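Enquirer: One structure, pasted below without further comment.
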Amino acid sequence: MKASGVGVMALAGGAPLAAPNEVQAAERAEPTELPKNMTFATLRGLTGYGLGLRTERGVLDVGAAERDLRENAPTTITAVLNGHGDLAALRRLADKAASASPERYFVAEDKAIFGPCVTEPEKIICVGINYRRHAAELGVPVPTTPVLFNKYNSALNSCGGTVAVSKEKAEKFDYESELVVVIGRTARNVTEADALKYVFGYCTGNDFTARDLQLLTSQWMLGKTLDGFGLIGPWLVSADQVVDPDNLKIECRVNGNVRQSSNTSDMVFNCRQLVSYISNYMTLRPGDIIFTGTPEGVILGYPKEKQVWLKPGDKVVSSIEKLGDLHFTLT
């Protein structure tokens with residue numbers, strides 16, 4: 001846990017140390033208002049991750065602009081999610097940067113080097129067998145209760161990233177394109193009717209999987225949470241821009257060939273139901289992400305004689321309507 005300013009003063013003989021719960025409350029602050037009509041990204045720089053804001057001029061490098069132009073804007077996606085800084089300042093900063101030096105502060109989308117669009121989730125929660133036609137292709141019953149498992153932060157990966165399958169003790173690598181929900185307000189025991197009020201936004205994800213490790217035991221986690229197996233981005237789209245997350249086209253392409261083509265309307269448990277259900281058992285906090293499941297078309301669903309697993313050199317693109325393309329390469 002990083003020391004707060006109050007803590008630093010105390011170590012120097014100043015004000016008393018803040019109580020642990022006070023420090024935690026400060027770190028876990030959340031926005032008083034969720035963003036409207038904003039699309040965020042994480043940009044990877046020489047010194048780490050910084051906030052990007054998608055604009056008509058390109059992706060605003062918020063950190064670079066804020067250092068020079070000083071609008072009190074948040075400079076990381078974690079700061080945005082925790083309510084630190086002024087969201088309105090991002091718009092002012094974008095306008096100021098465009099007038100001052102657009103070539104200095106804006107990056108063309110095809111030149112941007114992305115990080116995961118959420119970088120520090122407290123929890124990464126995944127939902128299994130959550131599409132009816134996916135259950136059918138696997139020959140399993142449609143679940144009557146959401147099937148939950150987890151990934152860890154070390155699994156986070158980004159658009160333009162690589163997944164080093166050649167380094168893993170596994171052979172059966174599979175894609176899973178998924179809608180990802182990002183939580184924006186602390187949620188515990190929320191109703192389905194209110195559930196989407198707690199959503200910050202949505203992004204494209206791929207719950208990359210080593211099937212041989214997933215099915216090694218009754219617990220799926222091992223095959224799901226290897227390094228780099230949780231791909232999200234490039235964009236984190238504010239929830240107001242996605243009127244109905246349960247009616248979005250979703251697709252996966254491998255080396256240019258369509259492998260998955262479906263719609264989130266085929267989900268067994270929709271976004272409202274998932275947020276509500278999960279909040280009944282754990283506190284969801286700003287920045288937590290939920291992989292909502294994958295549609296039919298995964299390699300595991302093919303007849304065994306037609307299962308050709310992914311390999312180094314393969315290029316995978318997951319696409320979701322309104323949220324954009326998440327592309328990555330296997331090495």
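Letters A, B, ... mark the chains of the structure tokens in the order given; residue numbers begin at 1 per chain; ligand numbers begin at 1, in order shown.
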Just list the residues in stretch 117-253 of chain A DSSP gives strand (DSSP E) on the backbone, as a ChimeraX atom specification.
Expert: /A:124-128,147-151,156-158,162-163,173-174,177-183,199-207,209-210,230-232,236-238,249-253
Enquirer: Please list as a ChimeraX atom specification every residue within 10 Å of stretch 187-193 of chain A, counting only C-alpha atoms and excluding residues in the same chain fewer than 4 positions away.
Expert: /A:183,197-199,270-286
Enquirer: Return the single residue from A:Leu330, A:Lys151, A:Arg92, A:Ala108 that is closest to A:Glu56, with distances computed using only C-alpha atoms.
Expert: A:Ala108
Enquirer: Which of these, A:Cys203, A:Gly293, A:Val316, A:Tyr152, has the shortest distance to A:Gln241 once you count only C-alpha atoms?
Expert: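 Result for the nearest residue to A:Gln241: A:Cys203.
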Enquirer: Would you mind listing what lies within 12 Å of A:Lys167 as a PyMOL selection string, with only C-alpha atoms counted and same-chain residues fewer than 2 positions away left out?
Expert: chain A and resi 162-165+169-171+226-228+311-312+330-331
Enquirer: With N, CA and C atoms retained, could you export that selection as an mmCIF file, in the first residue's frame?
Expert:
```cif
data_model
loop_
_atom_site.group_PDB
_atom_site.id
_atom_site.type_symbol
_atom_site.label_atom_id
_atom_site.label_comp_id
_atom_site.auth_asym_id
_atom_site.auth_seq_id
_atom_site.Cartn_x
_atom_site.Cartn_y
_atom_site.Cartn_z
ATOM 1 N N THR A 162 1.162 -9.786 -26.954
ATOM 2 C CA THR A 162 1.499 -11.150 -27.355
ATOM 3 C C THR A 162 1.177 -12.102 -26.209
ATOM 4 N N VAL A 163 0.813 -13.325 -26.571
ATOM 5 C CA VAL A 163 0.592 -14.386 -25.599
ATOM 6 C C VAL A 163 1.650 -15.450 -25.871
ATOM 7 N N ALA A 164 2.531 -15.661 -24.906
ATOM 8 C CA ALA A 164 3.700 -16.525 -25.102
ATOM 9 C C ALA A 164 3.338 -17.987 -24.856
ATOM 10 N N VAL A 165 2.571 -18.572 -25.767
ATOM 11 C CA VAL A 165 2.129 -19.959 -25.587
ATOM 12 C C VAL A 165 3.302 -20.935 -25.650
ATOM 13 N N LYS A 169 3.458 -24.912 -20.308
ATOM 14 C CA LYS A 169 3.421 -26.365 -20.266
ATOM 15 C C LYS A 169 2.006 -26.822 -20.632
ATOM 16 N N ALA A 170 1.627 -26.541 -21.849
ATOM 17 C CA ALA A 170 0.299 -26.868 -22.354
ATOM 18 C C ALA A 170 0.364 -26.936 -23.866
ATOM 19 N N GLU A 171 -0.691 -27.479 -24.484
ATOM 20 C CA GLU A 171 -0.707 -27.639 -25.939
ATOM 21 C C GLU A 171 -2.020 -27.192 -26.576
ATOM 22 N N LEU A 226 -3.051 -18.198 -16.754
ATOM 23 C CA LEU A 226 -1.631 -18.104 -17.073
ATOM 24 C C LEU A 226 -1.291 -16.666 -17.474
ATOM 25 N N ASP A 227 -0.016 -16.348 -17.421
ATOM 26 C CA ASP A 227 0.416 -14.982 -17.728
ATOM 27 C C ASP A 227 -0.077 -14.547 -19.108
ATOM 28 N N GLY A 228 -0.735 -13.385 -19.148
ATOM 29 C CA GLY A 228 -1.174 -12.820 -20.423
ATOM 30 C C GLY A 228 -2.444 -13.404 -20.985
ATOM 31 N N LYS A 311 -1.485 -21.872 -32.222
ATOM 32 C CA LYS A 311 -0.039 -22.095 -32.165
ATOM 33 C C LYS A 311 0.705 -20.783 -32.335
ATOM 34 N N PRO A 312 1.994 -20.749 -31.999
ATOM 35 C CA PRO A 312 2.770 -19.524 -32.211
ATOM 36 C C PRO A 312 2.663 -19.034 -33.654
ATOM 37 N N LEU A 330 0.163 -14.764 -31.047
ATOM 38 C CA LEU A 330 0.739 -15.818 -30.220
ATOM 39 C C LEU A 330 2.228 -15.990 -30.577
ATOM 40 N N THR A 331 3.018 -16.167 -29.545
ATOM 41 C CA THR A 331 4.459 -16.372 -29.770
ATOM 42 C C THR A 331 4.915 -17.629 -29.073
#
```
Enquirer: Extract the full set of helix (DSSP H, G or I) residues from stretch 214-306 of chain A according to DSSP on the backbone, and format it as a PyMOL selection string.
Expert: chain A and resi 214+221-224+239-241+264-266+271-279+299-301+304-306
Enquirer: Which distance in Å separates atom CA of A:Glu176 and atom CA of A:Leu43, to one decimal?
Expert: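 Between atom CA of A:Glu176 and atom CA of A:Leu43 the gap is 24.2 Å.
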Enquirer: As a list in words, please: the residues near A:Ser99 (cut-off 12 Å, only C-alpha atoms, same-chain neighbours under 6 positions excluded).
Expert: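 Neighbouring residues, sequence-local ones excluded: Arg57, Ala65, Leu69, Arg92, Leu93, Tyr105 and Phe106 of chain A.
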Enquirer: Ranking A:Ala29, A:Gly58, A:Leu231, A:Asp314 by minimum distance to A:Asp110 and counting only C-alpha atoms, which one comes first?
Expert: A:Gly58
Enquirer: With distances taken over only C-alpha atoms, which residue among A:Cys159, A:Val298, A:Met221, A:Leu215 lies nearest A:Ser319?
Expert: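 Smallest distance to A:Ser319 is found for A:Cys159.
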Enquirer: Please report the interatomic distance between atom CA of A:Ala155 and atom CA of A:Glu120 in Å with one decimal.
Expert: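 Separating atom CA of A:Ala155 from atom CA of A:Glu120 is a distance of 11.5 Å.
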Enquirer: To one decimal in Å, tell me the separation between atom CA of A:Arg185 and atom CA of A:Ser265.
Expert: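 If I compute the distance from atom CA of A:Arg185 to atom CA of A:Ser265, I get 24.8 Å.
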